[in-house]
Structures are given as C-alpha cells and as structure tokens.
>>> print(open('target.tsv').read())   # TSV, C-alpha atoms
chain	number	residue	atom	x	y	z
A	1	LEU	CA	-1.71	-26.23	-8.12
A	2	ALA	CA	-2.18	-26.65	-4.38
A	3	HIS	CA	-5.59	-27.71	-3.08
A	4	THR	CA	-6.75	-28.89	-6.51
A	5	ALA	CA	-9.13	-31.44	-5.00
A	6	GLU	CA	-10.64	-28.82	-2.71
A	7	ALA	CA	-11.03	-26.46	-5.66
A	8	GLU	CA	-12.96	-29.12	-7.56
A	9	LEU	CA	-15.28	-29.63	-4.57
A	10	LEU	CA	-15.95	-25.90	-4.38
A	11	ALA	CA	-16.76	-25.60	-8.07
A	12	PRO	CA	-20.34	-24.37	-8.51
A	13	THR	CA	-22.97	-27.01	-9.17
A	14	SER	CA	-25.53	-24.69	-10.75
A	15	THR	CA	-25.28	-23.68	-14.38
A	16	ALA	CA	-23.45	-20.41	-14.96
A	17	ARG	CA	-24.36	-19.00	-18.35
A	18	VAL	CA	-22.52	-15.72	-17.97
A	19	ALA	CA	-19.71	-15.52	-20.53
A	20	ALA	CA	-17.22	-14.11	-18.03
A	21	PHE	CA	-17.68	-16.96	-15.55
A	22	GLU	CA	-15.36	-19.58	-17.03
A	23	PRO	CA	-12.25	-17.38	-17.49
A	24	LEU	CA	-12.77	-15.90	-14.01
A	25	TRP	CA	-13.15	-19.33	-12.47
A	26	GLN	CA	-9.98	-20.51	-14.20
A	27	ALA	CA	-8.11	-17.47	-12.89
A	28	LEU	CA	-9.34	-18.35	-9.38
A	29	VAL	CA	-8.12	-21.93	-9.77
A	30	ASP	CA	-4.73	-20.72	-11.06
A	31	GLY	CA	-4.37	-17.91	-8.54
A	32	ARG	CA	-3.82	-15.25	-11.22
A	33	ARG	CA	-4.87	-11.63	-11.59
A	34	VAL	CA	-7.52	-10.72	-14.17
A	35	ARG	CA	-8.30	-7.62	-16.19
A	36	PHE	CA	-11.58	-6.77	-17.88
A	37	ASP	CA	-13.77	-3.88	-19.05
A	38	TYR	CA	-16.65	-3.15	-16.69
A	39	GLN	CA	-19.91	-1.26	-17.17
A	40	ARG	CA	-21.31	-0.03	-13.87
A	41	ALA	CA	-25.00	0.59	-13.31
A	42	GLY	CA	-26.59	3.85	-14.42
A	43	ALA	CA	-25.12	4.00	-17.95
A	44	GLN	CA	-21.72	4.94	-16.56
A	45	PRO	CA	-18.70	4.75	-18.87
A	46	VAL	CA	-16.89	1.45	-19.35
A	47	THR	CA	-13.69	1.26	-17.31
A	48	ARG	CA	-10.78	-1.17	-17.36
A	49	ARG	CA	-10.43	-3.03	-14.04
A	50	GLN	CA	-7.51	-5.07	-12.72
A	51	VAL	CA	-8.51	-7.44	-9.95
A	52	GLU	CA	-6.99	-10.09	-7.72
A	53	PRO	CA	-9.94	-12.53	-7.59
A	54	TRP	CA	-10.89	-13.99	-4.22
A	55	GLY	CA	-14.15	-15.74	-4.98
A	56	ILE	CA	-17.42	-15.90	-6.91
A	57	VAL	CA	-20.88	-15.76	-5.33
A	58	SER	CA	-24.41	-16.04	-6.70
A	59	HIS	CA	-27.24	-13.80	-5.56
A	60	LYS	CA	-30.82	-13.94	-6.84
A	61	GLY	CA	-29.76	-15.52	-10.12
A	62	ASN	CA	-26.76	-13.23	-10.74
A	63	TRP	CA	-23.07	-14.04	-10.38
A	64	TYR	CA	-20.60	-11.67	-8.72
A	65	LEU	CA	-16.82	-11.59	-8.46
A	66	ILE	CA	-15.28	-10.41	-5.18
A	67	GLY	CA	-11.63	-9.45	-5.08
A	68	HIS	CA	-9.00	-6.80	-4.55
A	69	ASP	CA	-9.25	-3.97	-7.10
A	70	ILE	CA	-5.60	-3.17	-7.79
A	71	ASP	CA	-6.03	0.35	-9.18
A	72	ARG	CA	-8.44	1.41	-6.44
A	73	ALA	CA	-6.52	-0.40	-3.68
A	74	ASP	CA	-9.77	-1.67	-2.19
A	75	VAL	CA	-12.01	-4.72	-2.03
A	76	ARG	CA	-14.75	-4.56	-4.67
A	77	MET	CA	-17.64	-6.66	-5.98
A	78	PHE	CA	-18.42	-6.96	-9.70
A	79	LYS	CA	-21.55	-8.25	-11.39
A	80	LEU	CA	-20.41	-10.71	-14.04
A	81	ALA	CA	-23.19	-9.66	-16.43
A	82	ARG	CA	-21.67	-6.15	-16.54
A	83	ILE	CA	-18.27	-7.37	-17.73
A	84	VAL	CA	-18.34	-6.39	-21.40
A	85	ASP	CA	-15.40	-8.40	-22.70
A	86	GLU	CA	-13.71	-11.71	-21.91
A	87	PRO	CA	-11.58	-11.44	-18.76
A	88	VAL	CA	-7.88	-12.00	-19.38
A	89	ALA	CA	-5.64	-13.64	-16.77
A	90	ASP	CA	-2.37	-11.90	-16.05
A	91	GLY	CA	0.78	-12.73	-14.13
A	92	PRO	CA	2.18	-16.04	-12.90
A	93	ALA	CA	0.05	-18.75	-11.33
A	94	GLY	CA	-0.18	-18.61	-7.56
A	95	MET	CA	0.48	-14.88	-7.27
A	96	VAL	CA	-2.92	-14.05	-5.76
A	97	GLN	CA	-3.06	-14.49	-2.00
A	98	VAL	CA	-6.61	-15.09	-0.76
A	99	PRO	CA	-7.10	-13.95	2.87
A	100	GLU	CA	-7.11	-16.92	5.22
A	101	SER	CA	-10.16	-15.75	7.15
A	102	LEU	CA	-12.19	-14.85	4.06
A	103	ASP	CA	-15.96	-15.09	4.52
A	104	LEU	CA	-17.43	-14.44	1.08
A	105	ARG	CA	-21.01	-14.20	2.26
A	106	ALA	CA	-20.29	-11.69	5.03
A	107	LEU	CA	-18.06	-9.68	2.73
A	108	ALA	CA	-20.68	-9.64	-0.02
A	109	GLU	CA	-23.32	-8.36	2.39
A	110	ARG	CA	-21.00	-5.56	3.49
A	111	LEU	CA	-20.19	-4.57	-0.10
A	112	GLU	CA	-23.80	-4.65	-1.30
A	113	PRO	CA	-24.89	-1.13	-2.30
A	114	GLY	CA	-27.57	0.27	-0.06
A	115	GLN	CA	-29.88	3.24	-0.23
A	116	PRO	CA	-28.17	6.67	-0.23
A	117	THR	CA	-27.27	7.72	3.28
A	118	GLY	CA	-25.64	11.03	2.45
A	119	GLN	CA	-25.79	13.86	-0.08
A	120	ALA	CA	-22.91	15.57	-1.83
A	121	VAL	CA	-22.85	18.86	-3.68
A	122	LEU	CA	-20.60	18.50	-6.71
A	123	ALA	CA	-19.36	20.86	-9.39
A	124	ILE	CA	-19.20	18.80	-12.59
A	125	ARG	CA	-17.38	20.04	-15.67
A	126	VAL	CA	-19.85	20.62	-18.52
A	127	GLY	CA	-19.93	17.64	-20.87
A	128	ARG	CA	-18.09	15.30	-18.48
A	129	ALA	CA	-19.39	12.46	-16.30
A	130	PRO	CA	-23.03	12.80	-17.47
A	131	TRP	CA	-23.97	9.64	-15.54
A	132	LEU	CA	-23.05	11.40	-12.31
A	133	GLY	CA	-25.35	14.33	-13.01
A	134	ARG	CA	-28.20	11.93	-13.86
A	135	GLN	CA	-27.89	10.40	-10.39
A	136	GLY	CA	-28.64	13.77	-8.80
A	137	SER	CA	-30.40	17.04	-9.48
A	138	PRO	CA	-29.15	20.55	-10.36
A	139	VAL	CA	-28.74	22.94	-7.45
A	140	THR	CA	-27.70	26.56	-6.94
A	141	VAL	CA	-24.91	27.19	-4.46
A	142	GLU	CA	-23.55	30.29	-2.79
A	143	GLY	CA	-20.11	31.05	-1.47
A	144	PRO	CA	-16.97	29.05	-2.47
A	145	GLY	CA	-17.59	27.08	-5.64
A	146	ALA	CA	-20.51	29.19	-6.84
A	147	GLY	CA	-20.49	30.09	-10.50
A	148	LEU	CA	-17.31	28.23	-11.44
A	149	PRO	CA	-16.77	28.78	-15.19
A	150	GLY	CA	-17.40	25.63	-17.20
A	151	PHE	CA	-19.01	23.74	-14.29
A	152	GLU	CA	-22.56	22.84	-13.24
A	153	THR	CA	-23.54	22.01	-9.67
A	154	TYR	CA	-25.56	18.96	-8.64
A	155	ALA	CA	-26.79	17.40	-5.41
A	156	VAL	CA	-25.98	13.68	-5.61
A	157	GLY	CA	-26.87	11.00	-3.07
A	158	PHE	CA	-24.31	8.39	-2.03
A	159	GLY	CA	-24.01	5.35	0.22
A	160	ALA	CA	-20.52	4.31	1.34
A	161	LEU	CA	-18.45	7.45	1.81
A	162	ASP	CA	-15.06	5.95	1.00
A	163	GLY	CA	-16.28	4.09	-2.08
A	164	PHE	CA	-17.93	7.23	-3.43
A	165	ALA	CA	-14.74	9.20	-2.78
A	166	THR	CA	-12.75	6.62	-4.75
A	167	ASP	CA	-15.12	6.92	-7.71
A	168	LEU	CA	-14.95	10.72	-7.65
A	169	ALA	CA	-11.16	10.70	-7.43
A	170	ALA	CA	-11.05	8.62	-10.61
A	171	LEU	CA	-12.71	11.56	-12.42
A	172	GLY	CA	-9.83	13.90	-11.54
A	173	SER	CA	-10.39	17.59	-12.11
A	174	ASP	CA	-13.71	17.04	-13.93
A	175	VAL	CA	-15.54	16.87	-10.59
A	176	LEU	CA	-15.01	19.14	-7.57
A	177	VAL	CA	-16.51	18.30	-4.19
A	178	LEU	CA	-18.17	21.34	-2.61
A	179	GLU	CA	-19.91	19.50	0.25
A	180	PRO	CA	-19.56	17.72	2.60
A	181	PRO	CA	-16.07	18.52	3.89
A	182	GLU	CA	-15.33	14.94	4.92
A	183	LEU	CA	-15.98	13.71	1.39
A	184	ARG	CA	-13.79	16.45	-0.06
A	185	ALA	CA	-10.98	15.46	2.33
A	186	LEU	CA	-11.27	11.77	1.33
A	187	VAL	CA	-11.13	12.62	-2.37
A	188	ARG	CA	-8.00	14.71	-1.78
A	189	ARG	CA	-6.46	11.82	0.11
A	190	HIS	CA	-7.18	9.40	-2.74
A	191	LEU	CA	-5.72	11.81	-5.28
A	192	ALA	CA	-2.61	12.35	-3.18
A	193	GLY	CA	-2.21	8.59	-2.94
A	194	VAL	CA	-1.87	8.08	-6.68
A	195	GLY	CA	0.93	10.63	-6.84
A	196	GLY	CA	0.42	11.87	-10.37
A	197	ARG	CA	-2.66	13.97	-9.72
A	198	THR	CA	-3.26	17.27	-7.96
A	199	ALA	CA	-5.62	17.36	-5.00
A	200	GLN	CA	-8.90	19.12	-5.64
A	201	SER	CA	-9.28	22.61	-4.27
A	202	VAL	CA	-12.32	24.85	-4.14
A	203	THR	CA	-11.55	28.21	-2.82
A	204	SER	CA	-11.46	28.07	-3.16
A	205	PRO	CA	2.26	-17.93	-4.39
A	206	GLY	CA	-0.23	-20.09	-3.38
A	207	GLY	CA	-3.20	-18.86	-1.37
A	208	ARG	CA	-6.33	-20.72	-0.41
A	209	ALA	CA	-8.39	-22.59	-2.94
A	210	PRO	CA	-10.79	-20.46	-5.00
A	211	ARG	CA	-14.29	-19.94	-3.67
A	212	ALA	CA	-17.62	-20.07	-5.45
A	213	MET	CA	-20.98	-20.09	-3.71
A	214	ASP	CA	-24.37	-20.76	-5.23
A	215	GLY	CA	-26.44	-18.82	-2.72
A	216	THR	CA	-28.02	-21.85	-1.06
A	217	GLY	CA	-26.56	-21.13	2.37
A	218	GLY	CA	-27.83	-17.60	2.89
A	219	ASP	CA	-28.12	-14.22	1.33
A	220	GLU	CA	-25.08	-12.67	-0.36
A	221	ARG	CA	-24.04	-10.44	-3.19
>>> encode(input="target.tsv", output="structure tokens")
Amino acid sequence: LAHTAEAELLAPTSTARVAAFEPLWQALVDGRRVRFDYQRAGAQPVTRRQVEPWGIVSHKGNWYLIGHDIDRADVRMFKLARIVDEPVADGPAGMVQVPESLDLRALAERLEPGQPTGQAVLAIRVGRAPWLGRQGSPVTVEGPGAGLPGFETYAVGFGALDGFATDLAALGSDVLVLEPPELRALVRRHLAGVGGRTAQSVTSPGGRAPRAMDGTGGDER
C-alpha cells in the first residue's frame, strides 16, 4: 500500500467506539469500496449504500464517513452510528481514487444539512414512504395533480434541491412532484439518468492516503 506511513500518522488518536469505524478505516487504508445498510434520520427505511470512501471526520462526538455514493452518483456524508450492519469492503485494493485537492472539513461543512430553504408539494402513494409524509403536513391542491387516485398530497420542506431530488427519485412512482417545477425537472433528470425508470409526469489504483480528522482543527461534519 502506498503512503502507509502517512496513513498511520493520519489515524485518529481519539477513541472511536462506533462499530462501523474499524472496517471503514481499513477500507480507507486499502483503497476499497464499501457497502452497508444505512438508516437515515426521521425513521426512514434502511437502504443499502455503496460508497467509495474518501475520509472520516468527527463532529461533536459523532463520526462521519465522506465519500462518493456510487448508486446516487454524488458525494455524500454518513453518520457512522446510523450504519446498522458491519460495512463490507468490496473490489480490489487501490481502486478508490481520492481527489487530490480534497478538503474534508470544507466538504463536510458544505454537506451538513441545514434548515429547510424551500417547500415542495408532493403526491405520495398511500401506504408508501410514510417518513416523507411525517416530515411535512397534508395539503389540498387544485389543478394538475389534484385528487390523484391512491395518492395523498403533502407540503414538505427541503434544504439542498439536488439532494432532495435524488432522494425522491429513489422512490420512483410512489412520489410525484407537483411543485416546484425546478424540483420536478431535477427528479425527471435523475430518473432518466438511471435508464430503467420512467420519468415522473403529472398532467398531467492508488489514490491519496486515507483521511480521518478528530475535529480539533475546526468545525466539520
């Protein structure tokens, strides 16, 4: 393994008592992908994630993994305490390429969820994605999308537009975006990108050494 000495120097000095930490750290050292089951906040369903790990950071006593989410084709941050099984490394050593200019702290700050900055009106299929309905409140709509059989409409707040669109696209035809138009267009784009789904309609070797930070140099998540 290249940069083994540097990797040892970057190893965290504080005690990490999260079960997922050790296998994730080993995957970082080896430069391998990982897969694990993840429980997001808000009692959302557990989902399988495949990630190219870039680094681990600590924020206010909690450890987070930052890396490239393969299925979502985007950079994501995962709280280690919400990983419900033991991460499994996959693929040959050295396959993960860590960006040369990676700044974990700056990236963590950008990825940190903020307060809702927008509101979406969604038609949610009855009995599906209950966690999404709990994040919002029922509303009555008029015009396109009103009274769709088997659906209930909710107003749901969101922060990052693209990230929210990615999450909605993962729900397929169980959630239809009524408003705003820019969110609906992003969801359609995500669905078109995976190829096997129909866009929604409402008529309508060897990267850098692994990184782990203990939060002593500034705020991050």
>>> closest_residue(input="target.tsv", among="A:Tyr38, A:Phe164, A:Tyr64, A:Phe158", to="Glu109 (chain A)", atoms="only C-alpha atoms")
A:Tyr64
>>> residues_around(input="target.tsv", residues="region 53-56 of chain A", least_positions_apart="6", cutoff="8 Å", atoms="only C-alpha atoms", output="PyMOL selection string")
chain A and resi 24-25+27-28+31-34+63-68+96+98+104+210-213
>>> residues_near_point(input="target.tsv", point="(-20.3, 4.2, 1.8)", cutoff="12 Å", atoms="all atoms listed in the file", output="list in words")
Arg110, Leu111, Glu112, Pro113, Gly114, Gln115, Pro116, Thr117, Gly118, Gln119, Gly157, Phe158, Gly159, Ala160, Leu161, Asp162, Gly163, Phe164, Ala165, Thr166, Asp167, Leu183 and Leu186 of chain A
>>> write_last_selection(input="target.tsv", atoms="C-alpha atoms", output="PDB file, keeping the file's coordinate frame")
ATOM      1  CA  ARG A 110     -21.000  -5.560   3.490  1.00  0.00           C
ATOM      2  CA  LEU A 111     -20.190  -4.570  -0.100  1.00  0.00           C
ATOM      3  CA  GLU A 112     -23.800  -4.650  -1.300  1.00  0.00           C
ATOM      4  CA  PRO A 113     -24.890  -1.130  -2.300  1.00  0.00           C
ATOM      5  CA  GLY A 114     -27.570   0.270  -0.060  1.00  0.00           C
ATOM      6  CA  GLN A 115     -29.880   3.240  -0.230  1.00  0.00           C
ATOM      7  CA  PRO A 116     -28.170   6.670  -0.230  1.00  0.00           C
ATOM      8  CA  THR A 117     -27.270   7.720   3.280  1.00  0.00           C
ATOM      9  CA  GLY A 118     -25.640  11.030   2.450  1.00  0.00           C
ATOM     10  CA  GLN A 119     -25.790  13.860  -0.080  1.00  0.00           C
ATOM     11  CA  GLY A 157     -26.870  11.000  -3.070  1.00  0.00           C
ATOM     12  CA  PHE A 158     -24.310   8.390  -2.030  1.00  0.00           C
ATOM     13  CA  GLY A 159     -24.010   5.350   0.220  1.00  0.00           C
ATOM     14  CA  ALA A 160     -20.520   4.310   1.340  1.00  0.00           C
ATOM     15  CA  LEU A 161     -18.450   7.450   1.810  1.00  0.00           C
ATOM     16  CA  ASP A 162     -15.060   5.950   1.000  1.00  0.00           C
ATOM     17  CA  GLY A 163     -16.280   4.090  -2.080  1.00  0.00           C
ATOM     18  CA  PHE A 164     -17.930   7.230  -3.430  1.00  0.00           C
ATOM     19  CA  ALA A 165     -14.740   9.200  -2.780  1.00  0.00           C
ATOM     20  CA  THR A 166     -12.750   6.620  -4.750  1.00  0.00           C
ATOM     21  CA  ASP A 167     -15.120   6.920  -7.710  1.00  0.00           C
ATOM     22  CA  LEU A 183     -15.980  13.710   1.390  1.00  0.00           C
ATOM     23  CA  LEU A 186     -11.270  11.770   1.330  1.00  0.00           C
TER      24      LEU A 186
END
>>> atom_distance(input="target.tsv", atom1="CA of Ala123 (chain A)", atom2="CA of Ala185 (chain A)")
15.4 Å
>>> closest_residue(input="target.tsv", among="A:Gly136, A:Ala129, A:Leu107, A:Ala73", to="Asp174 (chain A)", atoms="all atoms listed in the file")
A:Ala129
>>> closest_residue(input="target.tsv", among="A:Arg128, A:Ser173, A:Glu182, A:Leu122", to="Tyr154 (chain A)", atoms="all atoms listed in the file")
A:Leu122
>>> residues_around(input="target.tsv", residues="Thr153 (chain A)", least_positions_apart="3", cutoff="9 Å", atoms="all atoms listed in the file", output="CSV table (one decimal) with C-alpha atoms, in the coordinates of the input")
chain,number,residue,atom,x,y,z
A,121,VAL,CA,-22.8,18.9,-3.7
A,122,LEU,CA,-20.6,18.5,-6.7
A,123,ALA,CA,-19.4,20.9,-9.4
A,124,ILE,CA,-19.2,18.8,-12.6
A,125,ARG,CA,-17.4,20.0,-15.7
A,133,GLY,CA,-25.4,14.3,-13.0
A,137,SER,CA,-30.4,17.0,-9.5
A,138,PRO,CA,-29.2,20.6,-10.4
A,139,VAL,CA,-28.7,22.9,-7.4
A,140,THR,CA,-27.7,26.6,-6.9
A,141,VAL,CA,-24.9,27.2,-4.5
A,145,GLY,CA,-17.6,27.1,-5.6
A,146,ALA,CA,-20.5,29.2,-6.8
A,147,GLY,CA,-20.5,30.1,-10.5
A,148,LEU,CA,-17.3,28.2,-11.4
A,178,LEU,CA,-18.2,21.3,-2.6
>>> decode(input="target.tsv", residues="region 71-101 of chain A", atoms="N, CA, C and O atoms", output="compact mmCIF listing (two decimals), in the first residue's frame")
# COMPACT_ATOMS: atom_id res chain seq x y z
N ASP A 71 -24.36 4.60 -6.20
CA ASP A 71 -25.69 4.50 -6.78
C ASP A 71 -26.29 5.87 -7.05
O ASP A 71 -27.06 6.04 -8.00
N ARG A 72 -25.98 6.84 -6.20
CA ARG A 72 -26.55 8.18 -6.37
C ARG A 72 -25.64 9.11 -7.17
O ARG A 72 -26.00 10.25 -7.43
N ALA A 73 -24.46 8.62 -7.52
CA ALA A 73 -23.51 9.39 -8.34
C ALA A 73 -23.28 10.77 -7.76
O ALA A 73 -23.32 11.79 -8.46
N ASP A 74 -23.04 10.82 -6.44
CA ASP A 74 -22.88 12.11 -5.78
C ASP A 74 -22.05 11.93 -4.52
O ASP A 74 -21.92 10.81 -3.99
N VAL A 75 -21.48 13.02 -4.04
CA VAL A 75 -20.73 12.98 -2.78
C VAL A 75 -21.72 13.04 -1.62
O VAL A 75 -22.61 13.89 -1.60
N ARG A 76 -21.57 12.15 -0.66
CA ARG A 76 -22.48 12.09 0.48
C ARG A 76 -21.70 11.92 1.78
O ARG A 76 -20.54 11.51 1.80
N MET A 77 -22.40 12.25 2.89
CA MET A 77 -21.83 12.12 4.22
C MET A 77 -22.73 11.22 5.06
O MET A 77 -23.95 11.38 5.04
N PHE A 78 -22.14 10.26 5.77
CA PHE A 78 -22.91 9.27 6.51
C PHE A 78 -22.48 9.26 7.97
O PHE A 78 -21.29 9.16 8.27
N LYS A 79 -23.46 9.32 8.86
CA LYS A 79 -23.18 9.21 10.29
C LYS A 79 -22.94 7.75 10.62
O LYS A 79 -23.78 6.89 10.37
N LEU A 80 -21.77 7.44 11.20
CA LEU A 80 -21.41 6.05 11.44
C LEU A 80 -22.39 5.36 12.36
O LEU A 80 -22.64 4.16 12.23
N ALA A 81 -22.97 6.09 13.31
CA ALA A 81 -23.90 5.49 14.27
C ALA A 81 -25.19 5.03 13.59
O ALA A 81 -25.94 4.26 14.18
N ARG A 82 -25.45 5.49 12.36
CA ARG A 82 -26.67 5.09 11.65
C ARG A 82 -26.41 3.93 10.68
O ARG A 82 -27.32 3.52 9.96
N ILE A 83 -25.19 3.43 10.64
CA ILE A 83 -24.91 2.23 9.86
C ILE A 83 -25.33 1.03 10.70
O ILE A 83 -24.84 0.84 11.81
N VAL A 84 -26.27 0.24 10.20
CA VAL A 84 -26.92 -0.77 11.02
C VAL A 84 -26.27 -2.14 10.93
O VAL A 84 -26.66 -3.05 11.67
N ASP A 85 -25.31 -2.32 10.03
CA ASP A 85 -24.61 -3.59 9.97
C ASP A 85 -23.11 -3.31 9.87
O ASP A 85 -22.68 -2.16 9.93
N GLU A 86 -22.31 -4.35 9.73
CA GLU A 86 -20.88 -4.15 9.60
C GLU A 86 -20.54 -3.89 8.14
O GLU A 86 -20.85 -4.70 7.26
N PRO A 87 -19.91 -2.75 7.84
CA PRO A 87 -19.54 -2.46 6.46
C PRO A 87 -18.65 -3.55 5.87
O PRO A 87 -17.78 -4.09 6.56
N VAL A 88 -18.88 -3.85 4.61
CA VAL A 88 -18.12 -4.89 3.91
C VAL A 88 -17.33 -4.24 2.78
O VAL A 88 -17.90 -3.53 1.94
N ALA A 89 -16.02 -4.48 2.76
CA ALA A 89 -15.18 -3.95 1.68
C ALA A 89 -15.40 -4.76 0.42
O ALA A 89 -15.64 -5.97 0.46
N ASP A 90 -15.29 -4.08 -0.72
CA ASP A 90 -15.57 -4.73 -1.99
C ASP A 90 -14.57 -4.24 -3.03
O ASP A 90 -14.14 -3.09 -3.00
N GLY A 91 -14.20 -5.13 -3.95
CA GLY A 91 -13.31 -4.74 -5.02
C GLY A 91 -11.84 -4.83 -4.63
O GLY A 91 -11.50 -5.00 -3.46
N PRO A 92 -10.96 -4.66 -5.60
CA PRO A 92 -9.52 -4.77 -5.33
C PRO A 92 -8.97 -3.58 -4.57
O PRO A 92 -9.52 -2.48 -4.62
N ALA A 93 -7.88 -3.80 -3.87
CA ALA A 93 -7.23 -2.71 -3.15
C ALA A 93 -6.70 -1.67 -4.13
O ALA A 93 -6.25 -2.00 -5.22
N GLY A 94 -6.80 -0.41 -3.74
CA GLY A 94 -6.28 0.67 -4.56
C GLY A 94 -7.22 1.17 -5.63
O GLY A 94 -6.86 2.05 -6.41
N MET A 95 -8.47 0.65 -5.66
CA MET A 95 -9.38 1.05 -6.73
C MET A 95 -10.01 2.42 -6.48
O MET A 95 -10.45 3.09 -7.41
N VAL A 96 -10.07 2.86 -5.23
CA VAL A 96 -10.69 4.13 -4.90
C VAL A 96 -9.68 5.26 -5.09
O VAL A 96 -8.59 5.24 -4.51
N GLN A 97 -10.05 6.24 -5.91
CA GLN A 97 -9.21 7.39 -6.16
C GLN A 97 -9.72 8.58 -5.34
O GLN A 97 -10.80 9.10 -5.61
N VAL A 98 -8.96 8.99 -4.35
CA VAL A 98 -9.34 10.13 -3.52
C VAL A 98 -8.90 11.41 -4.24
O VAL A 98 -7.77 11.51 -4.69
N PRO A 99 -9.81 12.39 -4.39
CA PRO A 99 -9.43 13.63 -5.08
C PRO A 99 -8.19 14.28 -4.46
O PRO A 99 -8.08 14.38 -3.24
N GLU A 100 -7.30 14.73 -5.31
CA GLU A 100 -6.04 15.30 -4.83
C GLU A 100 -6.25 16.53 -3.97
O GLU A 100 -5.53 16.76 -3.01
N SER A 101 -7.22 17.35 -4.32
CA SER A 101 -7.43 18.61 -3.61
C SER A 101 -8.47 18.49 -2.51
O SER A 101 -9.04 19.49 -2.08
